[in-house]
file start-v1.cif (mmCIF, C-alpha atoms)
data_target
#
loop_
_atom_site.label_atom_id
_atom_site.label_comp_id
_atom_site.auth_asym_id
_atom_site.auth_seq_id
_atom_site.Cartn_x
_atom_site.Cartn_y
_atom_site.Cartn_z
CA MET A 1 57.60 215.68 -87.48
CA GLU A 2 60.11 212.94 -88.21
CA GLN A 3 63.03 212.48 -85.88
CA PRO A 4 66.60 211.39 -86.58
CA ASN A 5 67.11 207.73 -85.82
CA LEU A 6 69.61 204.92 -86.11
CA SER A 7 67.48 202.48 -88.09
CA TYR A 8 69.74 202.51 -91.14
CA ILE A 9 72.94 202.30 -89.12
CA GLU A 10 71.57 199.44 -87.04
CA GLU A 11 70.37 197.54 -90.08
CA LEU A 12 73.70 198.06 -91.81
CA SER A 13 75.65 196.99 -88.73
CA GLY A 14 73.70 193.74 -88.47
CA GLY A 15 74.51 193.55 -84.76
CA ASP A 16 78.16 194.43 -85.22
CA GLN A 17 78.49 196.88 -82.31
CA SER A 18 82.05 197.88 -83.10
CA PHE A 19 81.12 198.87 -86.64
CA LYS A 20 78.07 200.74 -85.36
CA LYS A 21 80.26 202.71 -82.96
CA LYS A 22 82.88 203.34 -85.64
CA LEU A 23 80.28 204.68 -88.06
CA ILE A 24 78.65 206.91 -85.46
CA ASP A 25 82.07 208.27 -84.53
CA ILE A 26 82.80 209.10 -88.15
CA VAL A 27 79.43 210.85 -88.55
CA LYS A 28 80.08 212.77 -85.31
CA GLN A 29 83.38 213.91 -86.73
CA GLU A 30 82.24 214.75 -90.25
CA LEU A 31 78.83 216.30 -89.70
CA PRO A 32 79.91 219.44 -87.79
CA HIS A 33 82.62 220.09 -90.35
CA GLU A 34 80.17 219.74 -93.26
CA ILE A 35 77.63 222.01 -91.54
CA SER A 36 80.29 224.60 -90.82
CA GLU A 37 81.41 224.59 -94.47
CA TYR A 38 77.81 224.97 -95.57
CA ASN A 39 77.29 227.95 -93.23
CA THR A 40 80.45 229.63 -94.46
CA HIS A 41 79.42 229.28 -98.09
CA VAL A 42 75.86 230.46 -97.46
CA LYS A 43 77.08 233.51 -95.57
CA ALA A 44 79.50 234.34 -98.38
CA GLY A 45 76.75 233.93 -100.99
CA LEU A 46 78.69 231.11 -102.67
CA PHE A 47 75.62 229.29 -103.85
CA ASP A 48 77.26 226.62 -105.97
CA LEU A 49 79.57 225.62 -103.15
CA ALA A 50 76.68 225.67 -100.69
CA ALA A 51 74.77 223.39 -103.08
CA GLU A 52 77.72 220.98 -103.05
CA ASN A 53 77.64 221.02 -99.24
CA VAL A 54 73.93 220.26 -99.24
CA HIS A 55 74.59 217.45 -101.71
CA LYS A 56 77.01 215.86 -99.29
CA LEU A 57 74.77 216.52 -96.29
CA LYS A 58 71.97 214.61 -98.05
CA HIS A 59 73.85 211.41 -97.35
CA LYS A 60 74.03 212.15 -93.64
CA ILE A 61 70.34 213.08 -93.63
CA SER A 62 69.43 209.72 -95.14
CA ILE A 63 71.81 207.82 -92.87
CA LEU A 64 69.97 209.34 -89.93
CA GLY A 65 66.67 208.11 -91.29
CA LEU A 66 65.19 211.49 -92.20
CA GLU A 67 63.25 210.57 -95.30
CA GLN A 68 61.14 213.71 -95.70
CA ALA A 69 64.09 215.92 -94.91
CA TYR A 70 66.05 214.17 -97.64
CA TYR A 71 63.55 215.32 -100.26
CA LEU A 72 63.63 218.85 -98.90
CA ALA A 73 67.42 218.78 -99.19
CA VAL A 74 67.17 217.56 -102.79
CA ASP A 75 64.95 220.56 -103.62
CA TYR A 76 67.10 222.97 -101.65
CA GLU A 77 70.25 221.80 -103.46
CA GLU A 78 68.58 222.55 -106.79
CA ASP A 79 67.30 225.91 -105.48
CA LEU A 80 70.79 226.92 -104.40
CA LYS A 81 72.12 226.20 -107.88
CA ASN A 82 69.57 228.77 -109.03
CA LYS A 83 70.49 231.14 -106.20
CA LYS A 84 67.19 230.59 -104.40
CA MET A 85 67.08 230.40 -100.62
CA GLU A 86 63.40 229.88 -99.75
CA LYS A 87 64.03 226.57 -98.03
CA GLN A 88 67.02 227.79 -96.02
CA VAL A 89 65.28 228.09 -92.65
CA GLU A 90 63.58 224.73 -92.94
CA PHE A 91 66.81 223.05 -94.05
CA GLU A 92 68.84 224.58 -91.27
CA LYS A 93 66.31 223.36 -88.72
CA ILE A 94 67.03 219.85 -89.96
CA LEU A 95 70.75 220.43 -89.53
CA SER A 96 70.21 221.58 -85.94
CA GLN A 97 68.06 218.55 -85.26
CA MET A 98 70.75 216.24 -86.63
CA SER A 99 73.54 217.96 -84.70
CA LEU A 100 71.62 217.66 -81.46
CA PHE A 101 70.84 214.01 -82.09
CA ILE A 102 74.44 213.16 -82.92
CA GLU A 103 75.78 215.02 -79.87
CA GLN A 104 73.56 212.96 -77.61
CA LEU A 105 74.76 209.61 -78.94
CA MET B 106 88.31 190.14 -106.42
CA LYS B 107 90.37 193.18 -105.47
CA CYS B 108 88.74 196.57 -105.16
CA ILE B 109 89.36 200.12 -104.06
CA ILE B 110 86.96 202.74 -102.74
CA ILE B 111 87.09 206.38 -103.80
CA ASP B 112 84.89 208.86 -101.95
CA ASP B 113 85.66 212.17 -100.32
CA GLU B 114 83.25 211.35 -97.49
CA ALA B 115 84.70 209.14 -94.74
CA THR B 116 81.22 207.94 -93.75
CA ALA B 117 80.57 206.68 -97.27
CA ARG B 118 83.93 204.92 -97.44
CA ALA B 119 83.31 203.21 -94.11
CA ILE B 120 79.89 202.01 -95.27
CA ILE B 121 81.17 200.57 -98.56
CA ALA B 122 84.15 198.94 -96.82
CA HIS B 123 81.78 197.35 -94.31
CA LEU B 124 79.52 196.08 -97.08
CA CYS B 125 82.54 194.66 -98.91
CA SER B 126 83.46 192.70 -95.78
CA SER B 127 80.19 190.80 -96.11
CA VAL B 128 81.20 189.38 -99.50
CA ASP B 129 83.53 186.40 -99.60
CA GLY B 130 86.51 186.94 -101.83
CA LEU B 131 86.06 190.68 -102.11
CA GLU B 132 89.12 192.41 -100.78
CA VAL B 133 89.40 196.17 -100.25
CA LEU B 134 92.99 197.07 -101.09
CA GLU B 135 92.74 200.77 -100.30
CA GLU B 136 90.36 203.63 -99.66
CA PHE B 137 90.95 207.08 -101.11
CA PRO B 138 89.38 210.46 -100.26
CA ASN B 139 90.15 211.79 -103.73
CA ALA B 140 90.73 210.60 -107.25
CA ILE B 141 94.29 211.88 -107.57
CA GLN B 142 95.57 209.56 -104.86
CA ALA B 143 93.71 206.68 -106.49
CA ILE B 144 95.32 207.37 -109.86
CA LYS B 145 98.77 207.19 -108.25
CA PHE B 146 97.84 203.88 -106.68
CA LEU B 147 96.49 202.48 -109.93
CA ASN B 148 99.71 203.34 -111.72
CA LYS B 149 101.37 200.66 -109.65
CA ASN B 150 98.57 198.26 -108.76
CA ASN B 151 95.85 196.35 -110.55
CA VAL B 152 92.34 196.13 -109.23
CA ASP B 153 89.25 194.35 -110.50
CA LEU B 154 86.69 196.81 -109.25
CA ILE B 155 86.38 200.42 -108.14
CA PHE B 156 83.61 201.85 -105.98
CA LEU B 157 83.55 205.41 -107.12
CA ASP B 158 81.78 208.52 -105.90
CA ILE B 159 80.84 210.97 -108.63
CA HIS B 160 80.66 214.25 -106.72
CA MET B 161 84.10 215.03 -105.46
CA PRO B 162 85.76 218.43 -105.30
CA ASP B 163 88.14 219.32 -108.14
CA PHE B 164 88.08 215.94 -109.82
CA THR B 165 84.77 214.18 -110.37
CA GLY B 166 84.26 210.44 -110.71
CA PHE B 167 83.74 210.87 -114.45
CA ASP B 168 86.98 212.88 -114.76
CA PHE B 169 88.71 210.06 -112.96
CA ILE B 170 87.41 207.38 -115.34
CA ASP B 171 88.47 209.51 -118.29
CA THR B 172 92.07 209.38 -117.10
CA LEU B 173 92.21 205.59 -117.07
CA LYS B 174 93.44 203.81 -120.16
CA ASN B 175 91.89 200.46 -119.37
CA PRO B 176 89.48 201.07 -116.52
CA PRO B 177 88.43 198.08 -114.47
CA LYS B 178 84.80 197.52 -113.60
CA VAL B 179 83.32 200.49 -111.79
CA VAL B 180 80.34 200.71 -109.46
CA LEU B 181 79.26 204.27 -108.92
CA THR B 182 78.10 205.41 -105.51
CA THR B 183 76.22 208.67 -105.44
CA SER B 184 73.41 210.67 -103.90
CA ASP B 185 72.44 211.96 -107.31
CA LYS B 186 69.66 210.17 -109.13
CA ASN B 187 70.08 212.25 -112.24
CA LEU B 188 73.38 210.94 -113.47
CA ALA B 189 72.33 207.43 -114.46
CA PHE B 190 72.09 208.28 -118.13
CA GLU B 191 75.54 209.82 -118.23
CA ALA B 192 76.94 206.97 -116.18
CA PHE B 193 75.98 204.32 -118.64
CA GLU B 194 77.72 206.11 -121.45
CA TYR B 195 80.82 204.56 -119.90
CA ASP B 196 81.41 200.94 -120.81
CA CYS B 197 83.25 200.17 -117.59
CA ILE B 198 80.40 201.24 -115.30
CA VAL B 199 78.57 198.13 -114.20
CA ASP B 200 76.15 199.55 -111.67
CA TYR B 201 74.97 202.71 -109.98
CA LEU B 202 74.33 202.66 -106.24
CA LEU B 203 72.30 205.39 -104.64
CA LYS B 204 73.35 206.44 -101.15
CA PRO B 205 72.59 205.35 -98.53
CA VAL B 206 73.55 201.93 -99.84
CA THR B 207 71.79 198.93 -98.33
CA LEU B 208 73.19 195.40 -98.11
CA PRO B 209 70.64 193.81 -100.51
CA ARG B 210 71.27 196.45 -103.15
CA PHE B 211 75.03 196.16 -102.66
CA LEU B 212 74.90 192.39 -103.10
CA LYS B 213 72.92 192.84 -106.28
CA ALA B 214 75.64 195.11 -107.62
CA ILE B 215 78.29 192.53 -106.78
CA GLN B 216 76.28 189.88 -108.61
CA LYS B 217 76.22 192.14 -111.64
CA VAL B 218 79.95 192.68 -111.39
CA GLU B 219 80.63 188.96 -111.14
CA SER B 220 78.21 187.63 -113.67
CA THR B 221 77.83 190.10 -116.42
CA ALA B 222 79.95 191.21 -119.14
CA VAL B 223 81.75 194.36 -118.86
CA PRO B 224 83.35 197.11 -120.65
CA VAL B 225 82.36 196.44 -124.09
CA PRO B 226 85.33 196.86 -126.21
CA VAL B 227 83.02 196.01 -129.00
CA MET B 228 85.29 195.76 -132.01
CA GLU B 229 88.20 197.46 -130.44
CA VAL B 230 90.19 196.20 -133.38
CA ALA B 231 88.11 198.22 -135.79
CA LYS B 232 88.79 201.77 -136.77
CA LYS B 233 86.45 203.68 -134.52
CA ASP B 234 85.13 206.13 -137.02
CA GLY B 235 85.07 203.83 -139.96
CA ALA B 236 83.41 200.87 -138.38
CA LYS B 237 80.19 201.43 -140.18
CA GLU B 238 81.75 201.47 -143.62
CA ASP B 239 80.73 198.33 -145.38
CA ASN B 240 84.03 197.97 -147.15
CA LEU B 241 85.84 197.32 -143.88
CA PRO B 242 87.16 193.80 -143.56
CA GLN B 243 85.54 193.23 -140.16
CA LYS B 244 82.98 190.54 -140.33
CA GLU B 245 82.65 190.09 -136.64
CA LEU B 246 82.14 191.77 -133.32
CA TYR B 247 84.07 191.17 -130.11
CA VAL B 248 82.25 191.37 -126.82
CA ASN B 249 83.79 191.13 -123.40
CA ILE B 250 82.09 188.53 -121.27
CA ASP B 251 83.62 187.44 -117.99
CA ARG B 252 87.00 188.75 -119.03
CA ARG B 253 86.97 186.87 -122.31
CA LEU B 254 86.70 188.58 -125.63
CA ILE B 255 84.18 186.53 -127.51
CA LYS B 256 83.91 186.75 -131.26
CA ILE B 257 80.47 186.87 -132.79
CA ASP B 258 80.17 186.82 -136.58
CA PHE B 259 77.81 189.49 -137.82
CA GLU B 260 76.10 186.96 -140.03
CA ARG B 261 75.15 184.83 -137.03
CA ILE B 262 73.37 187.70 -135.27
CA TYR B 263 69.70 187.94 -136.08
CA LEU B 264 68.48 190.25 -133.32
CA ILE B 265 69.79 192.70 -130.73
CA GLU B 266 67.41 193.72 -128.00
CA ALA B 267 67.76 196.49 -125.42
CA LYS B 268 67.29 195.17 -121.88
CA GLY B 269 67.66 198.07 -119.48
CA ASP B 270 71.34 198.68 -119.02
CA TYR B 271 72.22 195.66 -121.12
CA ILE B 272 71.73 194.38 -124.63
CA LEU B 273 70.81 190.85 -125.58
CA ILE B 274 72.54 189.68 -128.73
CA LYS B 275 70.71 186.73 -130.27
CA THR B 276 72.48 184.48 -132.73
CA ASP B 277 71.54 181.28 -134.54
CA ASP B 278 72.85 179.12 -131.75
CA LYS B 279 73.49 181.28 -128.68
CA ASN B 280 72.47 184.45 -126.86
CA TYR B 281 74.85 186.92 -125.25
CA THR B 282 74.04 189.51 -122.59
CA VAL B 283 76.39 192.46 -122.73
CA HIS B 284 76.53 195.63 -120.68
CA SER B 285 76.04 198.21 -123.38
CA THR B 286 73.42 200.21 -125.23
CA LEU B 287 71.73 199.76 -128.59
CA LYS B 288 73.17 203.10 -129.67
CA LYS B 289 76.72 201.94 -129.05
CA ILE B 290 76.41 198.62 -130.79
CA GLU B 291 74.54 200.19 -133.68
CA GLU B 292 77.63 202.25 -134.44
CA LYS B 293 79.64 199.06 -134.79
CA LEU B 294 77.30 197.18 -137.08
CA PRO B 295 77.42 197.23 -140.88
CA ASP B 296 74.49 199.11 -142.40
CA SER B 297 74.15 196.52 -145.13
CA LEU B 298 73.00 193.90 -142.64
CA PHE B 299 71.43 195.67 -139.70
CA LEU B 300 68.59 198.08 -139.13
CA LYS B 301 67.02 199.50 -136.01
CA VAL B 302 63.32 198.85 -136.44
CA HIS B 303 62.21 199.95 -132.99
CA ARG B 304 63.84 201.83 -130.13
CA SER B 305 64.50 198.49 -128.42
CA TYR B 306 65.40 196.30 -131.40
CA ILE B 307 68.00 196.04 -134.12
CA ILE B 308 67.48 193.25 -136.62
CA ASN B 309 69.60 191.55 -139.25
CA ILE B 310 67.50 192.21 -142.34
CA LYS B 311 68.91 189.14 -144.09
CA LYS B 312 67.25 186.97 -141.44
CA ILE B 313 63.73 188.27 -141.91
CA ILE B 314 61.17 185.56 -142.55
CA ASP B 315 58.16 187.77 -143.14
CA ILE B 316 56.68 191.16 -142.38
CA GLU B 317 53.12 191.74 -141.40
CA ASP B 318 51.71 195.21 -140.76
CA ASN B 319 53.85 196.62 -137.98
CA SER B 320 55.79 193.53 -137.00
CA VAL B 321 58.54 191.43 -138.44
CA LEU B 322 59.12 187.72 -137.94
CA ILE B 323 62.81 187.05 -137.57
CA GLU B 324 63.91 183.52 -136.72
CA ARG B 325 61.52 182.71 -133.88
CA ASP B 326 60.88 186.26 -132.69
CA VAL B 327 58.11 188.63 -133.65
CA ILE B 328 59.49 192.15 -133.39
CA PRO B 329 57.49 195.39 -133.51
CA ILE B 330 58.37 197.93 -136.18
CA SER B 331 57.93 201.51 -135.11
CA ARG B 332 56.12 203.81 -137.52
CA SER B 333 59.16 206.01 -137.99
CA ASN B 334 61.41 203.07 -138.95
CA ARG B 335 59.00 201.24 -141.19
CA SER B 336 59.70 203.26 -144.35
CA GLU B 337 63.47 202.73 -143.99
CA LEU B 338 62.93 199.01 -143.64
CA MET B 339 60.73 198.90 -146.72
CA LYS B 340 63.40 200.79 -148.70
CA ARG B 341 65.97 198.19 -147.76
CA LEU B 342 63.93 195.26 -148.99
CA ASN B 343 64.10 193.92 -152.51
CA LEU B 344 60.39 194.36 -153.15
CA LEU B 345 58.72 192.90 -156.20
#
call {"tool": "encode", "arguments": {"input": "start-v1.cif", "output": "structure tokens"}}
result
Amino acid sequence: MEQPNLSYIEELSGGDQSFKKKLIDIVKQELPHEISEYNTHVKAGLFDLAAENVHKLKHKISILGLEQAYYLAVDYEEDLKNKKMEKQVEFEKILSQMSLFIEQL
Amino acid sequence: MKCIIIDDEATARAIIAHLCSSVDGLEVLEEFPNAIQAIKFLNKNNVDLIFLDIHMPDFTGFDFIDTLKNPPKVVLTTSDKNLAFEAFEYDCIVDYLLKPVTLPRFLKAIQKVESTAVPVPVMEVAKKDGAKEDNLPQKELYVNIDRRLIKIDFERIYLIEAKGDYILIKTDDKNYTVHSTLKKIEEKLPDSLFLKVHRSYIINIKKIIDIEDNSVLIERDVIPISRSNRSELMKRLNLL
């Protein structure tokens, strides 16, 4: 199973440690908020809004180097627009994985 | 070159701002988390380029462009692969960056912004709906290349070729690459001179040298004629 990583952030930073730190700090700040919004919308059955949350979370997923998870998120976003939730558990596992990874940075 | 960044995601704004810092002469004037704030800024300031997210709450990137009278060049930044077609319906959109944006891809977009023609106010002087009427006085087309409106006489054009997101306009003495689509330019051309003979080619029928089976020789180019367009071409010729 793939693991979150900093490959993209490191490549983007090009050795600029202050930018790397700044970007990680922003992700640390934004990710929990985005996940919380997603959870709220899923619980309320607001599928379109949840799809929008997943859309935004896709960027974070790719920033953290989760290539396979990205494709799952793409499918899940489409599913949500059609009120389908089959991939919910799998997607939420990815979110937990990302949260844990970010917390440890 | 002065630019602004519009994206509701702080991470995305930070990434684009960082990428901008790697380009000499590219200055980020402001970053905005929503389009409304950007519109207020643009009412008082000029910019050359906007990095624009499409998916934003309330006001999408496309809504934003629609509010601008004379939009500057726009590079879209998005996680959605499916909007490319819609994006290039807008003349001001120069490129389409998929997130997460990498430095090489970003630099390619900047090259496009710097070197290629933009918005395509093709014949802005013409009446939009009547441009195809042959009795209009317009005998020329204006294309925007590097901030200059360049006049091209219809009679000088012998071929227009689709090249991805661009069109190549070939004339007797010069070629022009313009960010536009065949469909858009076709609307601006007089029917008496031009005909689309293939999904990728519009020709000036007065410049035909000969026709053989399913191809036409025009100046120095041999152009395929699609089966569906062949009968229209034959109708337009003064056949003996």
call {"tool": "interface_residues", "arguments": {"input": "start-v1.cif", "of": "chain B", "to": "chain A", "cutoff": "8 Å", "atoms": "all atoms listed in the file", "output": "VMD selection string"}}
result
chain B and resid 114 to 116 119 to 120 123 184 204 to 205 207 to 208
call {"tool": "resolve_selection", "arguments": {"input": "start-v1.cif", "expression": "the PyMOL selection byres ((chain B and resi 132-140) around 6)", "output": "number ranges by chain"}}
result
B: 107-113, 131, 141-143
call {"tool": "write_last_selection", "arguments": {"input": "start-v1.cif", "atoms": "C-alpha atoms", "output": "compact mmCIF listing (two decimals), in the frame of the given file"}}
result
# COMPACT_ATOMS: atom_id res chain seq x y z
CA LYS B 107 90.37 193.18 -105.47
CA CYS B 108 88.74 196.57 -105.16
CA ILE B 109 89.36 200.12 -104.06
CA ILE B 110 86.96 202.74 -102.74
CA ILE B 111 87.09 206.38 -103.80
CA ASP B 112 84.89 208.86 -101.95
CA ASP B 113 85.66 212.17 -100.32
CA LEU B 131 86.06 190.68 -102.11
CA ILE B 141 94.29 211.88 -107.57
CA GLN B 142 95.57 209.56 -104.86
CA ALA B 143 93.71 206.68 -106.49
call {"tool": "residues_around", "arguments": {"input": "start-v1.cif", "residues": "Ala51 in chain A", "least_positions_apart": "3", "cutoff": "10 Å", "atoms": "only C-alpha atoms", "output": "ChimeraX atom specification"}}
result
/A:38,41-42,46-48,54-57,73-74,76-83
call {"tool": "resolve_selection", "arguments": {"input": "start-v1.cif", "expression": "the PyMOL selection byres ((chain B and resi 174) around 12)", "output": "MDAnalysis selection string"}}
result
chainID B and resid 144 147:148 169:173 175:177 197
call {"tool": "residues_around", "arguments": {"input": "start-v1.cif", "residues": "range 263-268 of chain B", "least_positions_apart": "3", "cutoff": "8 Å", "atoms": "only C-alpha atoms", "output": "JSON, numbers by chain"}}
result
{"B": [260, 271, 272, 273, 274, 275, 276, 277, 286, 287, 305, 306, 307, 308, 309, 310, 312, 323, 324]}
